[in-house]
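Below is one structure; the comments refer to it alone.
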Amino acid sequence: MTVSDIIERFLLDTLGDELSVNFNRNELATYFSVAPSQINYVLATRFTPERGYITESRRGGGGSITLIRMSENADDVLLRYIDETLSDGIEYVKACQIIERLTADGVFTKSEALLIKAAISDKALIAPTIAKSKLRGSILKSVLLETLKNHNEEE
């Protein structure tokens with residue numbers, strides 16, 4: 001387990017069932033004996049909107065941070081990803097974060113998530129490198145639109 005994993009686990013445990021938690025970046029860095037930039041790295045890579053989090057930071061005084069869990073229903077999340085994320089294409093790592101978030105929210109099963117990830121991987125996309133993110137975005141957009149349509153028919 002890496003230091004980033006430990007910091008992420010600590011923040012998730014601290015957040016618990018709450019919608020937000022406040023902490024001081026420098027105090028957290030001191031607690032884990034890391035540079036404040038390590039805390040920034042964890043926040044930037046592990047607590048993204050694709051994973052269902054928003055971070056707000058204030059400068060000065062060691063950097064006050066508020067970590068907020070986004071509370072959206074599945075349809076809102078699907079629509080936001082369709083509208084904002086996929087229009088101009090998407091990199092594989094970011095697409096996987098979206099799929100993992102939707103799996104955690106119960107939109108996809110683990111098996112479905114694995115199949116979608118396989119379908120949008122660089123290995124599966126036989127296209128010039130420059131076109132892969134656009135093609136991946138188009139495929140993921142189609143999957144999300146179909147998921148949204150099926151989700152609404154079930155209700």
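Chain labels follow the order of the structure tokens: the first chain is A, the next B, and so on; residue numbering restarts at 1 in every chain, and ligands are counted from 1 in their shown order.
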
Any idea what's packed within 9 Å of segment 6-10 of chain A, counting only C-alpha atoms, ignoring anything in its chain fewer than 6 positions away? Could you give it as an NGL selection string?
:A and (28 or 32 or 39 or 42-43 or 46-47)

Need the shell around Ala118 of chain A: protein/DNA/RNA residues with any atom at most 12 Å away, counting only C-alpha atoms. Skip same-chain ones fewer than 2 positions apart. Format as an MDAnalysis selection string?
chainID A and resid 92 95:96 99 111:116 120:125 136 139:140

Closest to Ile130 of chain A among A:Ala29, A:Glu91, A:Gly16, A:Val34, using only C-alpha atoms?
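Checking each candidate against Ile130 of chain A, we get A:Glu91 as the closest.
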
Quick check, in Å to one decimal: how far apart do atom CA of Ile98 of chain A and atom CA of Ser57 of chain A lie?
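Atom CA of Ile98 of chain A sits 23.3 Å away from atom CA of Ser57 of chain A.
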
Which one of A:Asn22, A:Ser142, A:Thr30, A:Thr48 sits closest to Leu67 of chain A if you count only C-alpha atoms?
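When distances to Leu67 of chain A are compared using only C-alpha atoms, the smallest one comes from A:Asn22.
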
Pick from A:Asp76, A:Thr147, A:Ile90, A:Glu100: nearest to Ala131 of chain A, with only C-alpha atoms counted?
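Comparing A:Asp76, A:Thr147, A:Ile90, A:Glu100 against Ala131 of chain A, the winner is A:Ile90.
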
Counting only C-alpha atoms, figure out which residue out of A:Lys132, A:Leu11, A:Arg25, A:Ser4 gets nearest to Gly89 of chain A.
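Answer, going by the shortest atom-to-atom distance: A:Lys132.
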
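Here the question is which of A:Leu145, A:Ala44, A:Val3, A:Met70 gets nearest to Ser20 of chain A using only C-alpha atoms, and that residue is A:Met70.
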
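One distance worth recording is that between atom CA of Tyr53 of chain A and atom CA of Leu135 of chain A, which is 26.5 Å.
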